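Enquirer: Take a look at this one; I'll ask things after.
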Amino acid sequence: MSAFTFAVIGDYHWVNRSCHNHAIARGVTEDLDKYEWMHRHVTPALIKAVCRHRPRFLFQLGDLAEGSCDSVGKEKLELAEAWKNLAKTGAPVFTVHGNHNPSALYCQTVRSAMSRSLHCPINTAHFHFQYERVHFIGLDTSDLRINNPQYKWLQSLLEQAAQWNERVFLFGHFPLFLVGRPCFSDLAFMRALGALTAKYLVDAYFCGHTHNQSVTLHTRDGRSILQAKGFALGYSDKPPLALEVARRVLIGPRDRYLGGFLEDYAPGYFLVKVWKNRVVLSWRVLNMGEVVRVEWRRAGHYQVRQVLPLARMAAMRSQDWKQIKSARLHMASFGLKQEDCPVALNGAPIGLAKSGLSFAPRRCIAIPADQARLIRTVNTVAIATPKRAGIFIGGVRLELTLQDGRTVSSPVSDFYATARRWDAWRTPHVHHVRRGRNIVIKLSFTG
Ligand SMILES: [Fe+2]
């Protein structure tokens, strides 16, 4: 076989502002503004970088367009525009179904174009093709369930690949393994794909959805699989925030974390070169170059050649305590309504916990100057919890900006839940707190 390269990019969230008049009228524009800016100022460089490698194929991992438009017609228009934009790469594009775009519209809008690339009709939201004895399988992760038609279809493909000792690359939207964003996938999908990848060898699984990016190796039942989780967008001119600084990474004892970034930073792509007896996966970030590199001959037997070094926490020196310019308390949550949760730092009120429904980033309390002066090496954060609604909070950390421009962060907190509905995810580091009681968290700076 001849060697070839394919590229993979994560969630794309293409925005056509004229399709979102209802959201704009309601003032719900945080994501629209951000993604529109990124597509205008960053995406052209990303497309150019991908093109330079002349990939044989380009895979996109769902949420091709932002969606939730004013009408079905506008939803289709936005998806079609997104597709056209990716087609600029010149490579055949394959995209999987993400949760931001309804399955029927996704199929109507992009399936015919993918069918033309494959010279055969695609009649479902999942697809498969083979090139140079390598299987490329696109999953509809919102539909894959144990023993359902898609499961049986996938099982037969994996069986066939195993019999002929052929490589398999899987592409889906939801993660198979949670990394950095708890309770944010689809449990039924995770069980279904988990059952199949425990039985059959797969070279790599590419996914998106969480917008945090990472490359991780996971071992279950003696079988290892690489998960590459991507997001195409981000502020390429800002220093990226390492995932392990802002979130508990949630990696298991037999797993390996090769690096990750929090949402909004480090736009990039995965590049995979396939030879007859060798594969090299390279994660490349705009303005940073290659940050992770993994090679393998046999699926599951990975050789890690390059990783992102774990971020080291900056220490607060004694002279720094008088140099605090501003301070913020970051947090992420599910089920949280802003008005319900007053927050105190070292006994003094600092504001209300910011609303959060999906453990999203960008939620923080700017700490008033008076209270910022009370921050010390060990700090106590108390979050009042609502009596009625269950909440799940984590990713709590203090971040200080010093007069000389440095930023110093405390280590990030565990998770705290006041309801059992998140138990099914079996997230480690969860503390249960009775509703109406305070969540009390100690946050310390190193000295
Ligand atoms: Fe997304």
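Chain labels A, B, ... are given in the sequence in which chains occur in the structure tokens; within each chain residues are numbered consecutively from 1, and ligands are likewise numbered from 1 in the order shown.
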Show me, as a ChimeraX atom specification, the residues that have an atom within 9 Å of range 409-413 of chain A when counting only C-alpha atoms, minus same-chain residues fewer than 2 positions from it.

Expert: /A:244-248,313-315,331,394-401,407,415,441-446

Enquirer: Please produce, as CSV, a per-residue contact table for chain A versus ligand 1 (criterion: any atom at most 8 Å away, only C-alpha atoms and all ligand atoms considered), showing the nearest atom pair and its distance in Å to one decimal, sorted by chain then residue number.

Expert:
residue,atom,partner,partner_atom_place_in_ligand_line,distance
A:Asp11,CA,ligand 1,1 (Fe),5.0
A:Tyr12,CA,ligand 1,1 (Fe),7.1
A:His13,CA,ligand 1,1 (Fe),6.5
A:Gly62,CA,ligand 1,1 (Fe),7.1
A:Asp63,CA,ligand 1,1 (Fe),5.0
A:Glu66,CA,ligand 1,1 (Fe),7.8
A:Gly98,CA,ligand 1,1 (Fe),7.2
A:Asn99,CA,ligand 1,1 (Fe),7.4
A:His100,CA,ligand 1,1 (Fe),6.7
A:Gly208,CA,ligand 1,1 (Fe),6.9
A:His209,CA,ligand 1,1 (Fe),4.6
A:Thr210,CA,ligand 1,1 (Fe),6.6
A:His211,CA,ligand 1,1 (Fe),6.2
A:Phe231,CA,ligand 1,1 (Fe),7.8

Enquirer: List as a ChimeraX atom specification the protein and nucleic acid residues near Ser103 in chain A, meaning an atom at most 12 Å away when only C-alpha atoms are counted, but skip any in the same chain fewer than 4 places from it.

Expert: /A:62-64,67,75-76,79,96-99,107-111,124-126,140-143

Enquirer: Go ahead and dump the residues you just picked, N, CA and C atoms, as a PDB file, in the first residue's frame.

Expert:
ATOM      1  N   GLY A  62     -18.192  16.526  14.319  1.00  0.00           N
ATOM      2  CA  GLY A  62     -19.547  16.875  14.750  1.00  0.00           C
ATOM      3  C   GLY A  62     -19.673  18.312  15.204  1.00  0.00           C
ATOM      4  N   ASP A  63     -20.944  18.764  15.412  1.00  0.00           N
ATOM      5  CA  ASP A  63     -21.223  20.180  15.658  1.00  0.00           C
ATOM      6  C   ASP A  63     -20.545  21.020  14.572  1.00  0.00           C
ATOM      7  N   LEU A  64     -20.841  20.618  13.336  1.00  0.00           N
ATOM      8  CA  LEU A  64     -20.268  21.309  12.180  1.00  0.00           C
ATOM      9  C   LEU A  64     -20.709  22.782  12.177  1.00  0.00           C
ATOM     10  N   GLY A  67     -26.002  25.856  14.924  1.00  0.00           N
ATOM     11  CA  GLY A  67     -27.361  25.335  15.053  1.00  0.00           C
ATOM     12  C   GLY A  67     -28.245  26.180  15.956  1.00  0.00           C
ATOM     13  N   GLU A  75     -31.205  26.763   9.438  1.00  0.00           N
ATOM     14  CA  GLU A  75     -30.326  25.713   9.975  1.00  0.00           C
ATOM     15  C   GLU A  75     -29.579  25.021   8.824  1.00  0.00           C
ATOM     16  N   LYS A  76     -30.344  24.735   7.756  1.00  0.00           N
ATOM     17  CA  LYS A  76     -29.730  24.093   6.578  1.00  0.00           C
ATOM     18  C   LYS A  76     -28.699  25.012   5.931  1.00  0.00           C
ATOM     19  N   LEU A  79     -25.498  25.037   7.973  1.00  0.00           N
ATOM     20  CA  LEU A  79     -24.749  23.784   7.790  1.00  0.00           C
ATOM     21  C   LEU A  79     -24.070  23.746   6.420  1.00  0.00           C
ATOM     22  N   VAL A  96     -19.135  13.776  11.146  1.00  0.00           N
ATOM     23  CA  VAL A  96     -20.072  12.936  11.902  1.00  0.00           C
ATOM     24  C   VAL A  96     -21.154  13.820  12.521  1.00  0.00           C
ATOM     25  N   HIS A  97     -22.198  13.176  12.958  1.00  0.00           N
ATOM     26  CA  HIS A  97     -23.334  13.900  13.516  1.00  0.00           C
ATOM     27  C   HIS A  97     -23.036  14.341  14.950  1.00  0.00           C
ATOM     28  N   GLY A  98     -23.194  15.634  15.236  1.00  0.00           N
ATOM     29  CA  GLY A  98     -23.015  16.133  16.603  1.00  0.00           C
ATOM     30  C   GLY A  98     -24.341  16.590  17.181  1.00  0.00           C
ATOM     31  N   ASN A  99     -24.394  16.860  18.459  1.00  0.00           N
ATOM     32  CA  ASN A  99     -25.669  17.169  19.108  1.00  0.00           C
ATOM     33  C   ASN A  99     -26.190  18.570  18.795  1.00  0.00           C
ATOM     34  N   CYS A 107     -28.169  14.857   7.949  1.00  0.00           N
ATOM     35  CA  CYS A 107     -28.176  13.879   6.864  1.00  0.00           C
ATOM     36  C   CYS A 107     -28.530  14.543   5.539  1.00  0.00           C
ATOM     37  N   GLN A 108     -29.601  15.337   5.557  1.00  0.00           N
ATOM     38  CA  GLN A 108     -30.044  15.986   4.305  1.00  0.00           C
ATOM     39  C   GLN A 108     -28.955  16.881   3.720  1.00  0.00           C
ATOM     40  N   THR A 109     -28.251  17.583   4.582  1.00  0.00           N
ATOM     41  CA  THR A 109     -27.344  18.630   4.109  1.00  0.00           C
ATOM     42  C   THR A 109     -25.985  18.102   3.695  1.00  0.00           C
ATOM     43  N   VAL A 110     -25.426  17.185   4.457  1.00  0.00           N
ATOM     44  CA  VAL A 110     -24.040  16.800   4.151  1.00  0.00           C
ATOM     45  C   VAL A 110     -23.911  15.390   3.563  1.00  0.00           C
ATOM     46  N   ARG A 111     -24.981  14.579   3.713  1.00  0.00           N
ATOM     47  CA  ARG A 111     -24.825  13.183   3.286  1.00  0.00           C
ATOM     48  C   ARG A 111     -24.617  13.064   1.774  1.00  0.00           C
ATOM     49  N   THR A 124     -27.551   6.415   6.131  1.00  0.00           N
ATOM     50  CA  THR A 124     -27.701   6.548   7.578  1.00  0.00           C
ATOM     51  C   THR A 124     -26.795   7.673   8.074  1.00  0.00           C
ATOM     52  N   ALA A 125     -26.913   8.001   9.370  1.00  0.00           N
ATOM     53  CA  ALA A 125     -26.036   9.033   9.940  1.00  0.00           C
ATOM     54  C   ALA A 125     -24.690   8.429  10.347  1.00  0.00           C
ATOM     55  N   HIS A 126     -24.516   7.120  10.155  1.00  0.00           N
ATOM     56  CA  HIS A 126     -23.188   6.532  10.337  1.00  0.00           C
ATOM     57  C   HIS A 126     -22.683   6.043   8.975  1.00  0.00           C
ATOM     58  N   ASP A 140     -22.684   7.580  14.549  1.00  0.00           N
ATOM     59  CA  ASP A 140     -23.686   8.507  15.088  1.00  0.00           C
ATOM     60  C   ASP A 140     -23.773   8.199  16.579  1.00  0.00           C
ATOM     61  N   THR A 141     -23.007   8.939  17.368  1.00  0.00           N
ATOM     62  CA  THR A 141     -22.853   8.565  18.785  1.00  0.00           C
ATOM     63  C   THR A 141     -24.131   8.808  19.592  1.00  0.00           C
ATOM     64  N   SER A 142     -25.081   9.573  19.041  1.00  0.00           N
ATOM     65  CA  SER A 142     -26.338   9.756  19.783  1.00  0.00           C
ATOM     66  C   SER A 142     -27.277   8.579  19.552  1.00  0.00           C
ATOM     67  N   ASP A 143     -26.882   7.660  18.683  1.00  0.00           N
ATOM     68  CA  ASP A 143     -27.759   6.528  18.353  1.00  0.00           C
ATOM     69  C   ASP A 143     -27.139   5.183  18.714  1.00  0.00           C
TER      70      ASP A 143
END

Enquirer: Pick out the residues sitting within 12 Å of Ala188 in chain A, and hand them over as an MDAnalysis selection string; count only C-alpha atoms, and ignore anything fewer than 6 positions along from it in its own chain.

Expert: chainID A and resid 141:148 151 174:176 194:195 424:425

Enquirer: Contacts of Lys337 in chain A at 12 Å or less, counting only C-alpha atoms, minus same-chain residues fewer than 6 places along, as a ChimeraX atom specification?

Expert: /A:352-358,384-393

Enquirer: For the residues selected in the previous step, produce a file with C-alpha atoms as an mmCIF file, in the first residue's frame.

Expert:
data_model
loop_
_atom_site.group_PDB
_atom_site.id
_atom_site.type_symbol
_atom_site.label_atom_id
_atom_site.label_comp_id
_atom_site.auth_asym_id
_atom_site.auth_seq_id
_atom_site.Cartn_x
_atom_site.Cartn_y
_atom_site.Cartn_z
ATOM 1 C CA LEU A 352 -23.147 34.669 43.629
ATOM 2 C CA ALA A 353 -21.944 31.493 41.967
ATOM 3 C CA LYS A 354 -22.284 31.946 38.217
ATOM 4 C CA SER A 355 -25.020 29.930 36.550
ATOM 5 C CA GLY A 356 -23.890 26.797 34.803
ATOM 6 C CA LEU A 357 -25.805 23.931 33.258
ATOM 7 C CA SER A 358 -23.222 21.876 31.420
ATOM 8 C CA ALA A 384 -24.386 27.953 49.818
ATOM 9 C CA THR A 385 -26.414 25.265 48.034
ATOM 10 C CA PRO A 386 -30.092 25.565 47.101
ATOM 11 C CA LYS A 387 -32.643 23.464 49.010
ATOM 12 C CA ARG A 388 -34.772 22.629 45.994
ATOM 13 C CA ALA A 389 -32.503 21.943 43.018
ATOM 14 C CA GLY A 390 -29.636 19.457 42.993
ATOM 15 C CA ILE A 391 -26.311 20.872 41.862
ATOM 16 C CA PHE A 392 -22.895 19.518 40.886
ATOM 17 C CA ILE A 393 -19.906 21.860 41.227
#

Enquirer: Under the rule that only C-alpha atoms are counted, which of A:Phe177, A:Trp14, A:Phe94, A:Phe206 is the nearest residue to Leu32 in chain A?

Expert: A:Trp14
